[in-house]
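Source file run_9.cif; content: mmCIF, C-alpha atoms.
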data_structure
loop_
_atom_site.group_PDB
_atom_site.id
_atom_site.type_symbol
_atom_site.label_atom_id
_atom_site.label_comp_id
_atom_site.auth_asym_id
_atom_site.auth_seq_id
_atom_site.Cartn_x
_atom_site.Cartn_y
_atom_site.Cartn_z
ATOM 1 C CA MET A 1 76.640 115.118 95.169
ATOM 2 C CA ILE A 2 76.668 111.325 95.528
ATOM 3 C CA ARG A 3 75.188 109.626 92.487
ATOM 4 C CA HIS A 4 73.092 106.493 92.612
ATOM 5 C CA ALA A 5 75.129 103.353 91.993
ATOM 6 C CA GLN A 6 73.777 100.537 89.844
ATOM 7 C CA ILE A 7 73.174 97.837 92.451
ATOM 8 C CA GLY A 8 70.075 95.709 92.733
ATOM 9 C CA ALA A 9 67.604 97.011 95.289
ATOM 10 C CA ALA A 10 67.372 93.550 96.860
ATOM 11 C CA THR A 11 71.059 93.789 97.778
ATOM 12 C CA LEU A 12 70.716 97.053 99.687
ATOM 13 C CA PRO A 13 69.606 97.078 103.325
ATOM 14 C CA ALA A 14 66.787 99.362 104.414
ATOM 15 C CA ALA A 15 65.711 100.900 107.710
ATOM 16 C CA GLU A 16 63.751 97.772 108.583
ATOM 17 C CA ASP A 17 66.927 95.684 108.229
ATOM 18 C CA VAL A 18 68.621 97.934 110.772
ATOM 19 C CA ARG A 19 65.754 97.412 113.198
ATOM 20 C CA ARG A 20 65.950 93.638 112.743
ATOM 21 C CA ALA A 21 69.707 93.778 113.261
ATOM 22 C CA ALA A 22 69.190 95.630 116.540
ATOM 23 C CA GLU A 23 66.935 92.852 117.809
ATOM 24 C CA ARG A 24 69.330 90.174 116.598
ATOM 25 C CA ILE A 25 72.480 91.520 118.234
ATOM 26 C CA ALA A 26 70.947 93.043 121.384
ATOM 27 C CA PRO A 27 71.789 90.074 123.637
ATOM 28 C CA HIS A 28 75.458 90.282 122.682
ATOM 29 C CA ILE A 29 76.460 93.971 122.656
ATOM 30 C CA ARG A 30 76.476 97.015 124.892
ATOM 31 C CA ARG A 31 74.011 99.839 124.511
ATOM 32 C CA THR A 32 76.673 102.508 124.729
ATOM 33 C CA PRO A 33 75.950 105.731 126.639
ATOM 34 C CA VAL A 34 75.778 109.303 125.423
ATOM 35 C CA LEU A 35 77.370 112.347 127.021
ATOM 36 C CA GLU A 36 75.778 115.781 126.685
ATOM 37 C CA ALA A 37 78.030 118.811 126.986
ATOM 38 C CA ASP A 38 78.574 122.452 126.115
ATOM 39 C CA VAL A 39 81.829 123.108 124.279
ATOM 40 C CA ASP A 40 82.854 126.617 123.258
ATOM 41 C CA GLY A 41 79.331 127.770 124.049
ATOM 42 C CA ARG A 42 77.713 125.192 121.778
ATOM 43 C CA ARG A 43 75.616 122.195 122.706
ATOM 44 C CA LEU A 44 76.582 118.726 121.562
ATOM 45 C CA THR A 45 76.094 115.076 122.390
ATOM 46 C CA LEU A 46 78.828 112.464 122.174
ATOM 47 C CA LYS A 47 77.797 108.878 121.407
ATOM 48 C CA LEU A 48 80.430 106.896 123.298
ATOM 49 C CA GLU A 49 80.732 103.933 120.967
ATOM 50 C CA HIS A 50 84.399 103.556 121.892
ATOM 51 C CA LEU A 51 83.013 101.894 125.045
ATOM 52 C CA GLN A 52 81.477 99.139 122.905
ATOM 53 C CA LEU A 53 82.746 95.570 123.275
ATOM 54 C CA THR A 54 86.131 95.337 121.502
ATOM 55 C CA GLY A 55 86.478 99.145 121.706
ATOM 56 C CA SER A 56 84.677 99.892 118.436
ATOM 57 C CA PHE A 57 81.276 99.874 116.719
ATOM 58 C CA LYS A 58 82.575 97.185 114.351
ATOM 59 C CA VAL A 59 81.343 94.330 116.528
ATOM 60 C CA ARG A 60 77.762 95.324 115.703
ATOM 61 C CA GLY A 61 78.088 94.644 111.997
ATOM 62 C CA ALA A 62 80.260 91.597 112.545
ATOM 63 C CA LEU A 63 77.747 89.946 114.846
ATOM 64 C CA ASN A 64 74.780 90.751 112.626
ATOM 65 C CA ALA A 65 76.549 89.264 109.615
ATOM 66 C CA LEU A 66 77.669 86.152 111.500
ATOM 67 C CA LEU A 67 74.171 85.613 112.874
ATOM 68 C CA SER A 68 72.535 86.249 109.481
ATOM 69 C CA GLY A 69 74.859 84.434 107.100
ATOM 70 C CA PRO A 70 75.463 80.767 106.298
ATOM 71 C CA GLY A 71 76.625 78.741 109.279
ATOM 72 C CA THR A 72 79.778 77.317 107.730
ATOM 73 C CA GLY A 73 81.711 77.313 110.988
ATOM 74 C CA ARG A 74 84.575 79.269 109.390
ATOM 75 C CA VAL A 75 84.975 82.825 108.156
ATOM 76 C CA VAL A 76 87.818 84.743 106.532
ATOM 77 C CA ILE A 77 88.216 88.510 106.667
ATOM 78 C CA ALA A 78 90.692 91.321 106.113
ATOM 79 C CA SER A 79 90.997 94.130 108.599
ATOM 80 C CA GLY A 80 93.030 97.162 109.572
ATOM 81 C CA GLY A 81 92.218 96.230 113.159
ATOM 82 C CA ASN A 82 88.729 97.070 114.414
ATOM 83 C CA HIS A 83 86.761 94.823 112.036
ATOM 84 C CA GLY A 84 89.116 92.013 112.989
ATOM 85 C CA LEU A 85 88.424 92.599 116.658
ATOM 86 C CA GLY A 86 84.687 92.600 116.034
ATOM 87 C CA VAL A 87 84.702 89.436 113.936
ATOM 88 C CA GLY A 88 87.167 87.705 116.259
ATOM 89 C CA ALA A 89 85.027 88.417 119.305
ATOM 90 C CA GLY A 90 81.810 87.510 117.507
ATOM 91 C CA ALA A 91 83.279 84.303 116.125
ATOM 92 C CA ARG A 92 84.453 83.228 119.561
ATOM 93 C CA LEU A 93 81.005 83.936 121.000
ATOM 94 C CA LEU A 94 79.264 81.888 118.290
ATOM 95 C CA GLY A 95 81.776 79.057 118.026
ATOM 96 C CA VAL A 96 83.008 80.061 114.573
ATOM 97 C CA ARG A 97 86.643 79.797 113.512
ATOM 98 C CA ALA A 98 87.967 83.087 112.104
ATOM 99 C CA THR A 99 91.037 83.696 109.944
ATOM 100 C CA ILE A 100 91.930 87.378 109.892
ATOM 101 C CA TYR A 101 94.353 88.962 107.442
ATOM 102 C CA VAL A 102 95.912 92.235 108.570
ATOM 103 C CA PRO A 103 98.454 94.487 106.829
ATOM 104 C CA GLN A 104 101.970 94.573 108.202
ATOM 105 C CA THR A 105 101.301 98.165 109.267
ATOM 106 C CA VAL A 106 98.539 97.172 111.702
ATOM 107 C CA PRO A 107 99.205 98.753 115.122
ATOM 108 C CA PRO A 108 100.694 96.187 117.520
ATOM 109 C CA ALA A 109 97.927 96.814 120.061
ATOM 110 C CA LYS A 110 95.247 95.897 117.537
ATOM 111 C CA GLN A 111 97.050 92.765 116.357
ATOM 112 C CA ARG A 112 97.559 91.666 119.945
ATOM 113 C CA ARG A 113 93.895 92.128 120.770
ATOM 114 C CA ILE A 114 92.759 90.297 117.636
ATOM 115 C CA ALA A 115 94.985 87.329 118.481
ATOM 116 C CA ALA A 116 93.566 87.318 122.018
ATOM 117 C CA THR A 117 90.103 86.527 120.598
ATOM 118 C CA GLY A 118 91.457 83.173 119.446
ATOM 119 C CA ALA A 119 91.348 84.028 115.741
ATOM 120 C CA ASP A 120 94.102 82.970 113.352
ATOM 121 C CA VAL A 121 95.972 86.165 112.403
ATOM 122 C CA VAL A 122 97.867 86.406 109.107
ATOM 123 C CA ARG A 123 100.030 89.473 108.394
ATOM 124 C CA HIS A 124 100.183 90.258 104.693
ATOM 125 C CA GLY A 125 101.086 93.308 102.609
ATOM 126 C CA ARG A 126 101.731 96.920 103.426
ATOM 127 C CA SER A 127 98.150 98.110 102.990
ATOM 128 C CA TYR A 128 94.620 97.035 103.775
ATOM 129 C CA ALA A 129 93.979 96.525 100.038
ATOM 130 C CA GLU A 130 96.820 93.992 99.807
ATOM 131 C CA ALA A 131 95.612 92.132 102.888
ATOM 132 C CA GLU A 132 92.078 92.094 101.496
ATOM 133 C CA LEU A 133 93.153 90.619 98.160
ATOM 134 C CA ALA A 134 95.089 87.859 99.930
ATOM 135 C CA ALA A 135 92.161 87.100 102.236
ATOM 136 C CA ARG A 136 89.664 86.914 99.379
ATOM 137 C CA THR A 137 92.007 84.644 97.416
ATOM 138 C CA TYR A 138 92.470 82.307 100.384
ATOM 139 C CA ALA A 139 88.713 82.170 101.054
ATOM 140 C CA ALA A 140 87.983 81.335 97.410
ATOM 141 C CA GLU A 141 90.652 78.634 97.287
ATOM 142 C CA GLN A 142 89.409 77.013 100.490
ATOM 143 C CA GLY A 143 85.701 77.401 99.754
ATOM 144 C CA LEU A 144 85.191 79.551 102.859
ATOM 145 C CA ARG A 145 82.961 82.513 103.555
ATOM 146 C CA TYR A 146 84.625 85.903 103.112
ATOM 147 C CA LEU A 147 83.059 88.642 105.237
ATOM 148 C CA PRO A 148 83.796 92.193 104.026
ATOM 149 C CA ALA A 149 84.547 94.924 106.525
ATOM 150 C CA TYR A 150 81.912 97.292 105.137
ATOM 151 C CA ASP A 151 80.708 96.239 101.671
ATOM 152 C CA ASP A 152 78.062 93.821 102.931
ATOM 153 C CA PRO A 153 74.345 94.462 103.582
ATOM 154 C CA ASP A 154 74.309 92.670 106.939
ATOM 155 C CA VAL A 155 77.406 94.516 108.129
ATOM 156 C CA VAL A 156 75.891 97.857 107.114
ATOM 157 C CA ALA A 157 72.614 97.047 108.880
ATOM 158 C CA GLY A 158 74.488 96.084 112.027
ATOM 159 C CA GLN A 159 76.499 99.301 112.049
ATOM 160 C CA GLY A 160 73.286 101.241 111.617
ATOM 161 C CA THR A 161 72.132 100.152 115.074
ATOM 162 C CA VAL A 162 74.356 102.944 116.421
ATOM 163 C CA GLY A 163 71.941 105.348 114.749
ATOM 164 C CA LEU A 164 68.876 103.716 116.273
ATOM 165 C CA GLU A 165 70.346 104.185 119.728
ATOM 166 C CA ILE A 166 71.105 107.841 118.981
ATOM 167 C CA VAL A 167 67.488 108.451 117.953
ATOM 168 C CA ASP A 168 66.332 107.012 121.272
ATOM 169 C CA GLN A 169 69.011 108.520 123.521
ATOM 170 C CA ALA A 170 69.355 111.965 121.923
ATOM 171 C CA PRO A 171 65.974 112.655 120.290
ATOM 172 C CA ASP A 172 66.619 116.409 120.146
ATOM 173 C CA CYS A 173 69.754 116.151 118.011
ATOM 174 C CA ASP A 174 69.359 117.531 114.503
ATOM 175 C CA THR A 175 72.649 116.310 112.998
ATOM 176 C CA VAL A 176 74.705 113.138 113.350
ATOM 177 C CA ALA A 177 78.394 113.147 112.417
ATOM 178 C CA VAL A 178 80.438 109.995 111.902
ATOM 179 C CA ALA A 179 83.925 109.125 110.690
ATOM 180 C CA VAL A 180 84.147 107.433 107.285
ATOM 181 C CA GLY A 181 86.496 104.664 106.198
ATOM 182 C CA GLY A 182 84.836 102.217 103.818
ATOM 183 C CA GLY A 183 81.395 103.708 104.409
ATOM 184 C CA GLY A 184 79.608 101.003 106.391
ATOM 185 C CA LEU A 185 78.937 103.119 109.484
ATOM 186 C CA ILE A 186 77.698 106.228 107.706
ATOM 187 C CA ALA A 187 75.508 104.155 105.377
ATOM 188 C CA GLY A 188 73.899 102.279 108.243
ATOM 189 C CA VAL A 189 73.454 105.373 110.393
ATOM 190 C CA SER A 190 71.931 107.231 107.439
ATOM 191 C CA LEU A 191 69.275 104.514 107.188
ATOM 192 C CA ALA A 192 68.507 104.688 110.894
ATOM 193 C CA VAL A 193 68.261 108.368 111.845
ATOM 194 C CA GLY A 194 65.355 109.439 109.686
ATOM 195 C CA ALA A 195 65.224 113.076 108.626
ATOM 196 C CA ARG A 196 68.260 114.166 110.642
ATOM 197 C CA ALA A 197 71.211 115.544 108.725
ATOM 198 C CA VAL A 198 74.201 113.203 108.518
ATOM 199 C CA VAL A 199 77.787 114.354 108.060
ATOM 200 C CA GLY A 200 80.546 111.987 106.960
ATOM 201 C CA VAL A 201 84.004 113.009 108.147
ATOM 202 C CA GLU A 202 87.169 111.807 106.437
ATOM 203 C CA PRO A 203 90.856 112.468 107.049
ATOM 204 C CA ALA A 204 92.341 114.500 104.221
ATOM 205 C CA GLY A 205 94.811 111.680 103.564
ATOM 206 C CA CYS A 206 92.165 108.917 103.531
ATOM 207 C CA ALA A 207 89.221 110.349 101.639
ATOM 208 C CA SER A 208 87.731 107.462 99.692
ATOM 209 C CA LEU A 209 84.183 108.835 99.818
ATOM 210 C CA HIS A 210 85.278 112.262 98.621
ATOM 211 C CA ALA A 211 87.167 110.545 95.787
ATOM 212 C CA ALA A 212 84.092 108.509 94.855
ATOM 213 C CA VAL A 213 81.904 111.616 94.782
ATOM 214 C CA ALA A 214 84.406 113.396 92.516
ATOM 215 C CA ALA A 215 84.572 110.410 90.150
ATOM 216 C CA GLY A 216 80.890 109.519 90.258
ATOM 217 C CA GLN A 217 81.680 105.988 91.469
ATOM 218 C CA PRO A 218 83.946 104.208 93.978
ATOM 219 C CA VAL A 219 87.582 104.549 92.920
ATOM 220 C CA ASP A 220 90.970 103.838 94.470
ATOM 221 C CA SER A 221 92.369 106.701 96.530
ATOM 222 C CA PRO A 222 95.519 107.341 98.623
ATOM 223 C CA VAL A 223 95.804 106.179 102.231
ATOM 224 C CA ASP A 224 98.011 108.373 104.392
ATOM 225 C CA SER A 225 96.740 109.553 107.756
ATOM 226 C CA VAL A 226 97.263 109.200 111.466
ATOM 227 C CA ALA A 227 93.821 107.560 111.450
ATOM 228 C CA ALA A 228 94.613 105.121 108.636
ATOM 229 C CA SER A 229 94.534 101.985 110.793
ATOM 230 C CA ALA A 230 90.779 102.501 111.263
ATOM 231 C CA LEU A 231 89.799 104.722 108.322
ATOM 232 C CA GLY A 232 92.308 103.530 105.736
ATOM 233 C CA ALA A 233 90.011 102.024 103.111
ATOM 234 C CA SER A 234 91.423 102.842 99.689
ATOM 235 C CA ARG A 235 87.977 102.541 98.073
ATOM 236 C CA VAL A 236 84.541 103.160 99.535
ATOM 237 C CA GLY A 237 82.226 100.155 99.381
ATOM 238 C CA ARG A 238 79.767 99.776 96.497
ATOM 239 C CA ILE A 239 76.858 99.010 98.827
ATOM 240 C CA PRO A 240 77.503 101.967 101.165
ATOM 241 C CA TYR A 241 77.986 104.262 98.175
ATOM 242 C CA ALA A 242 74.662 103.189 96.686
ATOM 243 C CA ILE A 243 72.872 103.805 99.993
ATOM 244 C CA LEU A 244 74.464 107.221 100.367
ATOM 245 C CA GLY A 245 73.285 108.151 96.888
ATOM 246 C CA ALA A 246 69.762 108.009 98.282
ATOM 247 C CA THR A 247 70.365 109.430 101.775
ATOM 248 C CA ALA A 248 72.636 112.282 100.574
ATOM 249 C CA PRO A 249 74.853 112.987 103.603
ATOM 250 C CA GLN A 250 77.084 116.033 103.817
ATOM 251 C CA LEU A 251 80.849 115.535 103.712
ATOM 252 C CA ALA A 252 83.713 117.064 105.680
ATOM 253 C CA LEU A 253 87.496 116.807 105.576
ATOM 254 C CA VAL A 254 89.891 117.187 108.518
ATOM 255 C CA ASP A 255 93.665 116.992 108.528
ATOM 256 C CA ASP A 256 95.870 115.031 110.905
ATOM 257 C CA ARG A 257 96.649 118.087 113.007
ATOM 258 C CA GLN A 258 92.941 118.691 113.592
ATOM 259 C CA ILE A 259 92.328 115.027 114.413
ATOM 260 C CA ILE A 260 95.094 114.894 117.010
ATOM 261 C CA ALA A 261 94.015 118.194 118.552
ATOM 262 C CA ALA A 262 90.456 116.870 118.838
ATOM 263 C CA ARG A 263 91.666 113.571 120.318
ATOM 264 C CA ASP A 264 93.702 115.451 122.920
ATOM 265 C CA ARG A 265 90.799 117.726 123.750
ATOM 266 C CA LEU A 266 88.473 114.757 124.301
ATOM 267 C CA TRP A 267 90.955 113.555 126.879
ATOM 268 C CA GLU A 268 91.607 116.929 128.504
ATOM 269 C CA GLU A 269 87.970 117.987 128.819
ATOM 270 C CA PHE A 270 86.113 114.693 129.192
ATOM 271 C CA ARG A 271 88.791 112.112 130.033
ATOM 272 C CA LEU A 272 87.775 110.127 126.952
ATOM 273 C CA ALA A 273 90.720 108.068 125.684
ATOM 274 C CA VAL A 274 90.107 107.397 121.997
ATOM 275 C CA GLU A 275 92.094 106.464 118.920
ATOM 276 C CA PRO A 276 92.546 109.129 116.217
ATOM 277 C CA ALA A 277 89.597 107.869 114.154
ATOM 278 C CA GLY A 278 87.377 108.219 117.208
ATOM 279 C CA ALA A 279 88.081 111.956 117.296
ATOM 280 C CA ALA A 280 87.436 112.690 113.606
ATOM 281 C CA ALA A 281 83.801 113.748 114.000
ATOM 282 C CA PHE A 282 84.712 116.003 116.929
ATOM 283 C CA ALA A 283 87.496 117.528 114.835
ATOM 284 C CA ALA A 284 85.019 118.427 112.111
ATOM 285 C CA TRP A 285 82.593 119.872 114.666
ATOM 286 C CA LEU A 286 85.336 122.030 116.191
ATOM 287 C CA ALA A 287 86.204 123.263 112.704
ATOM 288 C CA GLY A 288 82.623 124.382 112.076
ATOM 289 C CA GLN A 289 81.942 121.688 109.472
ATOM 290 C CA VAL A 290 78.997 120.081 111.285
ATOM 291 C CA PRO A 291 75.797 122.148 110.937
ATOM 292 C CA GLY A 292 72.808 122.286 113.231
ATOM 293 C CA ASP A 293 72.015 123.517 116.717
ATOM 294 C CA HIS A 294 72.539 120.177 118.446
ATOM 295 C CA ALA A 295 74.862 117.669 116.828
ATOM 296 C CA CYS A 296 75.495 114.122 117.969
ATOM 297 C CA LEU A 297 79.056 112.987 117.261
ATOM 298 C CA VAL A 298 79.903 109.292 117.157
ATOM 299 C CA VAL A 299 83.113 108.590 119.071
ATOM 300 C CA CYS A 300 83.720 105.394 117.166
ATOM 301 C CA GLY A 301 86.825 103.679 118.556
ATOM 302 C CA ALA A 302 89.449 103.451 121.283
ATOM 303 C CA ASN A 303 91.879 100.831 120.017
ATOM 304 C CA ALA A 304 95.141 102.692 120.401
ATOM 305 C CA ASP A 305 98.105 101.497 122.460
ATOM 306 C CA TRP A 306 98.187 103.580 125.618
ATOM 307 C CA SER A 307 101.339 101.994 127.052
ATOM 308 C CA PRO A 308 104.474 104.189 127.360
ATOM 309 C CA THR A 309 106.088 102.255 124.496
ATOM 310 C CA GLY A 310 102.965 102.154 122.340
ATOM 311 C CA GLU A 311 101.696 104.388 119.577
ATOM 312 C CA SER A 312 102.551 108.022 120.099
ATOM 313 C CA ARG A 313 100.260 109.416 117.428
#
Go ahead and render the structure in this file as structure tokens.
Amino acid sequence: MIRHAQIGAATLPAAEDVRRAAERIAPHIRRTPVLEADVDGRRLTLKLEHLQLTGSFKVRGALNALLSGPGTGRVVIASGGNHGLGVGAGARLLGVRATIYVPQTVPPAKQRRIAATGADVVRHGRSYAEAELAARTYAAEQGLRYLPAYDDPDVVAGQGTVGLEIVDQAPDCDTVAVAVGGGGLIAGVSLAVGARAVVGVEPAGCASLHAAVAAGQPVDSPVDSVAASALGASRVGRIPYAILGATAPQLALVDDRQIIAARDRLWEEFRLAVEPAGAAAFAAWLAGQVPGDHACLVVCGANADWSPTGESR
């Protein structure tokens, strides 16, 4: 059970903030489609968020935060890839200069795409945590705005707009399943989908939310998974954790073998080309860890390298 974290209520976004975020970012994003299907005799809906601008839901939170925050003209972030793409694209759209720190382990395809947005890319450290510390230090030294990947109320509200679209596009679904990294997506979606059950899916090797639940608060946890470039947060965010203490989602774990099998099946059956993180919710559903008669699974990202010499995992 997720316990309530001690964070001021004024800091936490609410359902109304998600609705305002949807209005704010609507001119700039895609309303991604859903796909209804029967798999193994069971009904499900796939929310195809991997077709979002930049190939990930992250642009939603990035744009909402950039449009809501102080207009300093410069922003600094750390990213394993998808947040960097979202902020880079949003910054270019709004005329903001972005400096993006990425770990040295960032997939080449993601680094290439971030650089193509015009952002300044700095490679630092072997992990996201090391890149984040360097980015925060640089922002503080330069007096610049640091924009967290998930531990920010405006980012969480922006990510929650995925949930609002699900409510409208798949009103009959009784459960929504999403992959969990730092917790921004599941927190936002939990605010948006009302009484529907929400399931947070983590790779067994990157289970920061499971670790937080066990400890009763966000704690550092290992990062070792095929999906680590997107879900490799070593610690769940304080703001998402506080929200989830009130919304009480269910949790699921899947291993790398299950994630890759689910990714391959999405391609074989639906011709959906996604990165490993994008298949995590489907992996949990295939493993019987997503309850309900009609689940909606968020296919959250597609930023893998599909070239012959690219990522093979």
Quick one: distance from atom CA of Gly194 of chain A to atom CA of Thr11 of chain A in Å, one decimal?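 Atom-to-atom, atom CA of Gly194 of chain A to atom CA of Thr11 of chain A, that is 20.5 Å.
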Contacts of Gly160 of chain A within 12 Å, only C-alpha atoms, excl. fewer than 3 positions in-chain, as a ChimeraX atom specification: /A:13-22,25,57-62,64,150,153-157,163-167,178,183-194,240,243,298
For the point (86.3, 102.3, 125.0) in the file's frame, write as an mmCIF file with C-alpha atoms, in the coordinates of the input all residues with an atom no more than 7 Å away, counting only C-alpha atoms.
data_model
loop_
_atom_site.group_PDB
_atom_site.id
_atom_site.type_symbol
_atom_site.label_atom_id
_atom_site.label_comp_id
_atom_site.auth_asym_id
_atom_site.auth_seq_id
_atom_site.Cartn_x
_atom_site.Cartn_y
_atom_site.Cartn_z
ATOM 1 C CA HIS A 50 84.399 103.556 121.892
ATOM 2 C CA LEU A 51 83.013 101.894 125.045
ATOM 3 C CA GLN A 52 81.477 99.139 122.905
ATOM 4 C CA GLY A 55 86.478 99.145 121.706
ATOM 5 C CA GLY A 301 86.825 103.679 118.556
ATOM 6 C CA ALA A 302 89.449 103.451 121.283
#
List the neighbours of Val226 of chain A out to 9 Å using all atoms listed in the file; skip same-chain residues closer than 5 positions along the sequence, and give me the result as a PyMOL selection string. chain A and resi 203+205+256+259-260+276-277+313
Atom CA of Trp267 of chain A to atom CA of Gln169 of chain A measures 22.8 Å
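Here the PyMOL selection byres ((chain A and resi 28) around 9) matches the residues Arg24, Ile25, Ala26, Pro27, Ile29, Arg30, Arg60, Leu63, Gly90 and Leu93 of chain A.
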Mind dumping the selected residues with C-alpha atoms as a PDB file, in the coordinates of the input?
ATOM      1  CA  ARG A  24      69.330  90.174 116.598  1.00  0.00           C
ATOM      2  CA  ILE A  25      72.480  91.520 118.234  1.00  0.00           C
ATOM      3  CA  ALA A  26      70.947  93.043 121.384  1.00  0.00           C
ATOM      4  CA  PRO A  27      71.789  90.074 123.637  1.00  0.00           C
ATOM      5  CA  ILE A  29      76.460  93.971 122.656  1.00  0.00           C
ATOM      6  CA  ARG A  30      76.476  97.015 124.892  1.00  0.00           C
ATOM      7  CA  ARG A  60      77.762  95.324 115.703  1.00  0.00           C
ATOM      8  CA  LEU A  63      77.747  89.946 114.846  1.00  0.00           C
ATOM      9  CA  GLY A  90      81.810  87.510 117.507  1.00  0.00           C
ATOM     10  CA  LEU A  93      81.005  83.936 121.000  1.00  0.00           C
TER      11      LEU A  93
END
For this structure, which residues satisfy the selection - the PyMOL selection byres ((chain A and resi 97-100) around 10) - when it is evaluated on the file as given? I want them as a count of residues only. 41
Would you compute the box with edges along x, y and z of the file around segment 58-68 of chain A, including every atom the file lists for it and 4 Å extra on each side, and give its centre and edge lengths in Å to one decimal, as AutoDock Vina command-line options?
--center_x 77.6 --center_y 91.4 --center_z 113.0 --size_x 18.0 --size_y 19.6 --size_z 15.0
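If you count only C-alpha atoms and ignore residues fewer than 6 places along the chain from Cys296 of chain A, what sits within 7 Å of it is A:Leu44, A:Thr45, A:Leu46, A:Lys47, A:Cys173, A:Thr175, A:Val176, A:Ala177.
The closest residue to Ala129 of chain A, picked from A:Gln159, A:Gln142, A:Gln104, A:Ser225 and counting all atoms listed in the file, is A:Gln104.
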